[in-house]
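Asks: Following this line is start_5.cif, made up of mmCIF, C-alpha atoms:
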data_protein
#
loop_
_atom_site.label_atom_id
_atom_site.label_comp_id
_atom_site.auth_asym_id
_atom_site.auth_seq_id
_atom_site.Cartn_x
_atom_site.Cartn_y
_atom_site.Cartn_z
CA MET P 25 113.21 101.79 96.83
CA GLN P 26 110.36 103.55 98.60
CA LEU P 27 108.07 102.85 95.62
CA ALA P 28 109.06 99.19 95.68
CA LEU P 29 108.29 99.04 99.40
CA ALA P 30 104.86 100.58 98.73
CA GLU P 31 104.21 97.89 96.09
CA ALA P 32 105.31 95.23 98.58
CA GLN P 33 102.91 96.57 101.20
CA ALA P 34 100.08 96.54 98.67
CA ALA P 35 100.93 92.95 97.72
CA GLY P 36 100.84 91.92 101.37
CA GLY P 37 97.47 93.62 101.71
CA ARG P 38 96.19 91.40 98.88
CA GLY P 39 97.43 88.30 100.67
CA GLU P 40 100.46 87.96 98.42
CA VAL P 41 104.01 87.58 99.70
CA PRO P 42 105.01 91.24 100.14
CA VAL P 43 107.55 91.81 97.41
CA GLY P 44 107.58 94.93 95.25
CA ALA P 45 109.58 95.96 92.20
CA VAL P 46 110.09 99.16 90.22
CA VAL P 47 111.80 99.64 86.84
CA VAL P 48 113.39 103.05 86.37
CA GLY P 49 114.56 104.30 82.98
CA PRO P 50 116.58 107.37 82.07
CA ASP P 51 113.41 109.51 82.18
CA GLY P 52 111.92 108.12 85.39
CA VAL P 53 109.68 105.28 86.56
CA LEU P 54 108.58 102.98 83.75
CA ALA P 55 106.73 100.34 85.74
CA ARG P 56 105.98 99.17 89.25
CA ALA P 57 104.43 95.96 90.51
CA GLY P 58 103.92 93.72 93.49
CA ASN P 59 103.58 89.95 93.63
CA ARG P 60 100.33 88.64 92.11
CA THR P 61 100.90 84.88 91.94
CA ARG P 62 97.77 83.99 93.90
CA GLU P 63 95.54 86.64 92.36
CA LEU P 64 96.48 85.73 88.78
CA HIS P 65 96.90 81.99 89.47
CA ASP P 66 100.30 82.35 87.82
CA PRO P 67 103.51 81.08 89.44
CA THR P 68 105.52 83.46 87.24
CA ALA P 69 103.67 86.59 88.43
CA HIS P 70 106.51 87.70 90.68
CA ALA P 71 106.91 91.45 91.19
CA GLU P 72 110.09 91.58 89.11
CA VAL P 73 108.60 89.72 86.14
CA LEU P 74 105.45 91.85 86.16
CA ALA P 75 107.45 95.08 86.35
CA ILE P 76 109.80 93.95 83.56
CA ARG P 77 106.85 92.99 81.34
CA ALA P 78 105.15 96.34 81.94
CA ALA P 79 108.35 98.32 81.31
CA CYS P 80 109.02 96.44 78.07
CA ALA P 81 105.44 97.11 76.96
CA ALA P 82 105.79 100.80 77.84
CA LEU P 83 108.95 101.07 75.73
CA GLY P 84 107.71 98.76 72.97
CA GLN P 85 110.80 96.56 73.13
CA GLU P 86 112.07 93.39 74.77
CA ARG P 87 115.23 94.88 76.26
CA LEU P 88 115.63 97.37 79.09
CA ALA P 89 119.22 98.47 78.51
CA GLY P 90 120.06 101.47 80.63
CA CYS P 91 117.23 100.74 83.10
CA ASP P 92 117.45 99.95 86.79
CA LEU P 93 115.36 97.52 88.79
CA TYR P 94 114.59 98.08 92.47
CA VAL P 95 113.14 95.09 94.33
CA THR P 96 112.52 94.53 98.01
CA LEU P 97 113.76 90.93 98.10
CA GLU P 98 116.70 89.22 96.43
CA PRO P 99 115.37 87.87 93.14
CA CYS P 100 114.77 84.13 92.80
CA PRO P 101 116.54 82.21 90.01
CA MET P 102 113.59 82.72 87.61
CA CYS P 103 113.57 86.47 88.18
CA ALA P 104 117.36 86.71 87.99
CA ALA P 105 117.22 85.03 84.58
CA ALA P 106 114.49 87.46 83.47
CA ILE P 107 116.64 90.38 84.66
CA ALA P 108 119.59 89.09 82.62
CA ASN P 109 117.43 88.46 79.54
CA ALA P 110 115.92 91.95 79.77
CA ARG P 111 119.44 93.41 79.97
CA ILE P 112 118.70 95.43 83.11
CA ALA P 113 121.72 97.64 83.79
CA ARG P 114 121.58 97.80 87.59
CA LEU P 115 119.76 95.70 90.20
CA TYR P 116 119.11 97.16 93.64
CA TYR P 117 117.53 94.86 96.21
CA GLY P 118 116.66 94.96 99.87
CA ALA P 119 116.47 91.76 101.91
CA ALA P 120 118.64 88.74 101.17
CA ASP P 121 116.80 85.47 100.53
CA PRO P 122 118.87 82.57 101.87
CA LYS P 123 116.11 80.07 101.06
CA SER P 124 115.11 81.03 97.51
CA GLY P 125 117.50 83.69 96.29
CA GLY P 126 119.21 83.39 92.94
CA VAL P 127 121.65 86.30 92.98
CA ALA P 128 123.91 86.07 96.07
CA GLN P 129 122.39 82.83 97.39
CA GLY P 130 121.57 79.49 95.80
CA PRO P 131 122.46 79.08 92.12
CA ARG P 132 123.84 82.62 91.67
CA ILE P 133 122.46 82.99 88.17
CA PHE P 134 124.68 85.93 87.22
CA ALA P 135 127.81 83.87 87.96
CA GLN P 136 126.85 81.10 85.54
CA PRO P 137 128.71 80.92 82.22
CA GLN P 138 125.35 80.62 80.42
CA CYS P 139 124.35 84.08 81.69
CA HIS P 140 124.96 86.45 78.79
CA HIS P 141 124.33 89.69 80.67
CA VAL P 142 125.25 90.58 84.23
CA PRO P 143 123.80 93.71 85.80
CA GLN P 144 125.59 95.72 88.42
CA VAL P 145 124.17 94.47 91.74
CA TYR P 146 123.65 96.52 94.89
CA ASP P 147 122.20 94.67 97.85
CA GLY P 148 120.96 95.61 101.30
CA ILE P 149 119.05 98.71 100.13
CA ASP P 150 116.39 99.38 102.82
CA ALA P 151 116.91 95.78 103.90
CA THR P 152 115.51 96.39 107.39
CA ALA P 153 112.19 97.67 106.06
CA SER P 154 111.98 94.87 103.49
CA GLU P 155 112.73 92.21 106.09
CA ALA P 156 110.18 93.67 108.51
CA LEU P 157 107.42 93.46 105.89
CA LEU P 158 108.21 89.82 105.22
CA LYS P 159 108.56 88.84 108.89
CA THR P 160 105.27 90.51 109.81
CA PHE P 161 103.47 88.88 106.86
CA PHE P 162 104.66 85.37 107.69
CA ALA P 163 104.17 85.80 111.45
CA GLN P 164 100.50 86.62 110.79
CA ARG P 165 100.15 83.45 108.73
CA ARG P 166 101.46 81.13 111.46
#
Please lay out the structure from this file as structure tokens.
Replies:
Amino acid sequence: MQLALAEAQAAGGRGEVPVGAVVVGPDGVLARAGNRTRELHDPTAHAEVLAIRAACAALGQERLAGCDLYVTLEPCPMCAAAIANARIARLYYGAADPKSGGVAQGPRIFAQPQCHHVPQVYDGIDATASEALLKTFFAQRR
């Protein structure tokens, strides 16, 4: 989670919402990314999606079976769907997202009958540090 927090800090430094994600495979880190929606002018350039894309490219396949995803904020519905489609084995996330979350909040993507793969989910990992990054970022914007 420390690598994901570092990616979140870097994203915040670029003016992006400070969210970071890291994909870990059986042999170690496959990919890491922070939000880049503003930089890339791409609403899908969330940290999770970018990390999943990079990990799939590194492995040369569209599935990440046996891999774990660490992310500093509860994934939104789009990212939760990407996690399911990539067949991520375990999802570890920090801060809950009552407004836009898609795992434990909102539509709860993994609980939908249309969801064909459900990762093991572990929440609250370094939640205090993740929340602090977000609160500081938004406080500076107001």
Asks: Going by the chain IDs and residue numbers used in this file, which residues fall under the PyMOL selection byres ((chain P and resi 101-114) around 6)? Write them as an MDAnalysis selection string.
Replies: chainID P and resid 87:92 99:100 115 126 141 143:145
Asks: Please determine, counting all atoms listed in the file, which residue among P:Ala119, P:Leu158, P:Ala153, P:Ile133 has the shortest atom-to-atom distance to Gly39 of chain P.
Replies: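 Between P:Ala119, P:Leu158, P:Ala153, P:Ile133, the residue approaching Gly39 of chain P most closely is P:Leu158.
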Asks: Report the distance between atom CA of Ala34 of chain P and atom CA of Gly84 of chain P in Å, rounded to one decimal place.
Replies: 26.9 Å
Asks: Can you turn the PyMOL selection byres ((chain P and resi 42-57) around 9) into a concrete residue list for this file, as a ChimeraX atom specification?
Replies: /P:25,27-41,58-60,70-80,82-83,88-97,112,117,154,157-158,161
Asks: Distance cut-off 6 Å, centre (117.6, 96.0, 98.9) in file coordinates, counting only C-alpha atoms: which residues qualify? Return them as a PDB file with C-alpha atoms, in the coordinates of the input.
Replies:
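Written out: result-v2.pdb:
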ATOM      1  CA  THR P  96     112.520  94.530  98.010  1.00  0.00           C
ATOM      2  CA  TYR P 116     119.110  97.160  93.640  1.00  0.00           C
ATOM      3  CA  TYR P 117     117.530  94.860  96.210  1.00  0.00           C
ATOM      4  CA  GLY P 118     116.660  94.960  99.870  1.00  0.00           C
ATOM      5  CA  ALA P 119     116.470  91.760 101.910  1.00  0.00           C
ATOM      6  CA  ASP P 147     122.200  94.670  97.850  1.00  0.00           C
ATOM      7  CA  GLY P 148     120.960  95.610 101.300  1.00  0.00           C
ATOM      8  CA  ILE P 149     119.050  98.710 100.130  1.00  0.00           C
ATOM      9  CA  ASP P 150     116.390  99.380 102.820  1.00  0.00           C
ATOM     10  CA  ALA P 151     116.910  95.780 103.900  1.00  0.00           C
TER      11      ALA P 151
END
Asks: Could you work out how far atom CA of Pro122 of chain P lies from atom CA of Pro67 of chain P, giving the answer in Å with one decimal?
Replies: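 Computed distance, atom CA of Pro67 of chain P to atom CA of Pro122 of chain P, equals 19.8 Å.
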Asks: Could you please determine the separation between atom CA of Glu98 of chain P and atom CA of Phe134 of chain P in Å, to one decimal place?
Replies: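 Atom CA of Phe134 of chain P lies 12.6 Å from atom CA of Glu98 of chain P.
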Asks: Report, as JSON, the axis-aligned box around all atoms of segment 151-165 of chain P present in the file, extended by 4 Å on each side; give centre and edge lengths in Å to one decimal place.
Replies:
{"center_x": 108.5, "center_y": 90.6, "center_z": 107.5, "size_x": 24.8, "size_y": 22.2, "size_z": 16.0}
Asks: Restricting the calculation to all atoms listed in the file, which member of P:Cys139, P:Ala69, P:Ala156, P:Leu64 is positioned closest to Val127 of chain P?
Replies: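 Among the listed residues, the smallest separation from Val127 of chain P belongs to P:Cys139.
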Asks: Complete the atom set of segment 51-72 of chain P to N, CA, C and O atoms and return it as a PDB file, keeping the file's coordinate frame.
Replies:
ATOM      1  N   ASP P  51     114.360 108.410  81.989  1.00  0.00           N
ATOM      2  CA  ASP P  51     113.410 109.510  82.180  1.00  0.00           C
ATOM      3  C   ASP P  51     112.495 109.335  83.379  1.00  0.00           C
ATOM      4  O   ASP P  51     111.539 110.088  83.531  1.00  0.00           O
ATOM      5  N   GLY P  52     112.735 108.326  84.206  1.00  0.00           N
ATOM      6  CA  GLY P  52     111.920 108.120  85.390  1.00  0.00           C
ATOM      7  C   GLY P  52     111.309 106.732  85.463  1.00  0.00           C
ATOM      8  O   GLY P  52     111.729 105.811  84.753  1.00  0.00           O
ATOM      9  N   VAL P  53     110.314 106.584  86.313  1.00  0.00           N
ATOM     10  CA  VAL P  53     109.680 105.280  86.560  1.00  0.00           C
ATOM     11  C   VAL P  53     108.940 104.816  85.310  1.00  0.00           C
ATOM     12  O   VAL P  53     108.101 105.521  84.772  1.00  0.00           O
ATOM     13  N   LEU P  54     109.257 103.594  84.886  1.00  0.00           N
ATOM     14  CA  LEU P  54     108.580 102.980  83.750  1.00  0.00           C
ATOM     15  C   LEU P  54     107.470 102.038  84.177  1.00  0.00           C
ATOM     16  O   LEU P  54     106.442 101.926  83.516  1.00  0.00           O
ATOM     17  N   ALA P  55     107.710 101.328  85.292  1.00  0.00           N
ATOM     18  CA  ALA P  55     106.730 100.340  85.740  1.00  0.00           C
ATOM     19  C   ALA P  55     106.971 100.007  87.207  1.00  0.00           C
ATOM     20  O   ALA P  55     108.091 100.110  87.707  1.00  0.00           O
ATOM     21  N   ARG P  56     105.892  99.606  87.854  1.00  0.00           N
ATOM     22  CA  ARG P  56     105.980  99.170  89.250  1.00  0.00           C
ATOM     23  C   ARG P  56     104.976  98.062  89.444  1.00  0.00           C
ATOM     24  O   ARG P  56     103.909  98.054  88.820  1.00  0.00           O
ATOM     25  N   ALA P  57     105.318  97.101  90.298  1.00  0.00           N
ATOM     26  CA  ALA P  57     104.430  95.960  90.510  1.00  0.00           C
ATOM     27  C   ALA P  57     104.748  95.291  91.832  1.00  0.00           C
ATOM     28  O   ALA P  57     105.841  95.425  92.377  1.00  0.00           O
ATOM     29  N   GLY P  58     103.762  94.564  92.321  1.00  0.00           N
ATOM     30  CA  GLY P  58     103.920  93.720  93.490  1.00  0.00           C
ATOM     31  C   GLY P  58     103.562  92.304  93.094  1.00  0.00           C
ATOM     32  O   GLY P  58     102.956  92.080  92.037  1.00  0.00           O
ATOM     33  N   ASN P  59     103.921  91.346  93.923  1.00  0.00           N
ATOM     34  CA  ASN P  59     103.580  89.950  93.630  1.00  0.00           C
ATOM     35  C   ASN P  59     102.091  89.790  93.382  1.00  0.00           C
ATOM     36  O   ASN P  59     101.268  90.418  94.056  1.00  0.00           O
ATOM     37  N   ARG P  60     101.725  88.941  92.425  1.00  0.00           N
ATOM     38  CA  ARG P  60     100.330  88.640  92.110  1.00  0.00           C
ATOM     39  C   ARG P  60     100.142  87.172  91.743  1.00  0.00           C
ATOM     40  O   ARG P  60      99.267  86.826  90.955  1.00  0.00           O
ATOM     41  N   THR P  61     100.977  86.299  92.300  1.00  0.00           N
ATOM     42  CA  THR P  61     100.900  84.880  91.940  1.00  0.00           C
ATOM     43  C   THR P  61      99.560  84.256  92.306  1.00  0.00           C
ATOM     44  O   THR P  61      98.998  83.499  91.523  1.00  0.00           O
ATOM     45  N   ARG P  62      99.060  84.560  93.471  1.00  0.00           N
ATOM     46  CA  ARG P  62      97.770  83.990  93.900  1.00  0.00           C
ATOM     47  C   ARG P  62      96.608  84.619  93.138  1.00  0.00           C
ATOM     48  O   ARG P  62      95.724  83.923  92.666  1.00  0.00           O
ATOM     49  N   GLU P  63      96.624  85.922  93.031  1.00  0.00           N
ATOM     50  CA  GLU P  63      95.540  86.640  92.360  1.00  0.00           C
ATOM     51  C   GLU P  63      95.383  86.210  90.899  1.00  0.00           C
ATOM     52  O   GLU P  63      94.263  86.012  90.415  1.00  0.00           O
ATOM     53  N   LEU P  64      96.514  86.067  90.203  1.00  0.00           N
ATOM     54  CA  LEU P  64      96.480  85.730  88.780  1.00  0.00           C
ATOM     55  C   LEU P  64      96.571  84.226  88.518  1.00  0.00           C
ATOM     56  O   LEU P  64      96.542  83.804  87.365  1.00  0.00           O
ATOM     57  N   HIS P  65      96.720  83.446  89.599  1.00  0.00           N
ATOM     58  CA  HIS P  65      96.900  81.990  89.470  1.00  0.00           C
ATOM     59  C   HIS P  65      98.046  81.703  88.506  1.00  0.00           C
ATOM     60  O   HIS P  65      97.934  80.894  87.584  1.00  0.00           O
ATOM     61  N   ASP P  66      99.156  82.400  88.735  1.00  0.00           N
ATOM     62  CA  ASP P  66     100.300  82.350  87.820  1.00  0.00           C
ATOM     63  C   ASP P  66     101.587  82.305  88.646  1.00  0.00           C
ATOM     64  O   ASP P  66     101.958  83.300  89.276  1.00  0.00           O
ATOM     65  N   PRO P  67     102.278  81.179  88.645  1.00  0.00           N
ATOM     66  CA  PRO P  67     103.510  81.080  89.440  1.00  0.00           C
ATOM     67  C   PRO P  67     104.627  81.991  88.945  1.00  0.00           C
ATOM     68  O   PRO P  67     105.597  82.199  89.664  1.00  0.00           O
ATOM     69  N   THR P  68     104.495  82.546  87.744  1.00  0.00           N
ATOM     70  CA  THR P  68     105.520  83.460  87.240  1.00  0.00           C
ATOM     71  C   THR P  68     105.201  84.920  87.529  1.00  0.00           C
ATOM     72  O   THR P  68     105.981  85.799  87.159  1.00  0.00           O
ATOM     73  N   ALA P  69     104.094  85.207  88.189  1.00  0.00           N
ATOM     74  CA  ALA P  69     103.670  86.590  88.430  1.00  0.00           C
ATOM     75  C   ALA P  69     104.381  87.203  89.644  1.00  0.00           C
ATOM     76  O   ALA P  69     103.761  87.785  90.528  1.00  0.00           O
ATOM     77  N   HIS P  70     105.704  87.059  89.655  1.00  0.00           N
ATOM     78  CA  HIS P  70     106.510  87.700  90.680  1.00  0.00           C
ATOM     79  C   HIS P  70     106.609  89.191  90.359  1.00  0.00           C
ATOM     80  O   HIS P  70     106.502  89.591  89.193  1.00  0.00           O
ATOM     81  N   ALA P  71     106.844  89.996  91.359  1.00  0.00           N
ATOM     82  CA  ALA P  71     106.910  91.450  91.190  1.00  0.00           C
ATOM     83  C   ALA P  71     107.898  91.846  90.093  1.00  0.00           C
ATOM     84  O   ALA P  71     107.592  92.698  89.244  1.00  0.00           O
ATOM     85  N   GLU P  72     109.070  91.225  90.091  1.00  0.00           N
ATOM     86  CA  GLU P  72     110.090  91.580  89.110  1.00  0.00           C
ATOM     87  C   GLU P  72     109.621  91.292  87.682  1.00  0.00           C
ATOM     88  O   GLU P  72     109.791  92.119  86.778  1.00  0.00           O
TER      89      GLU P  72
END
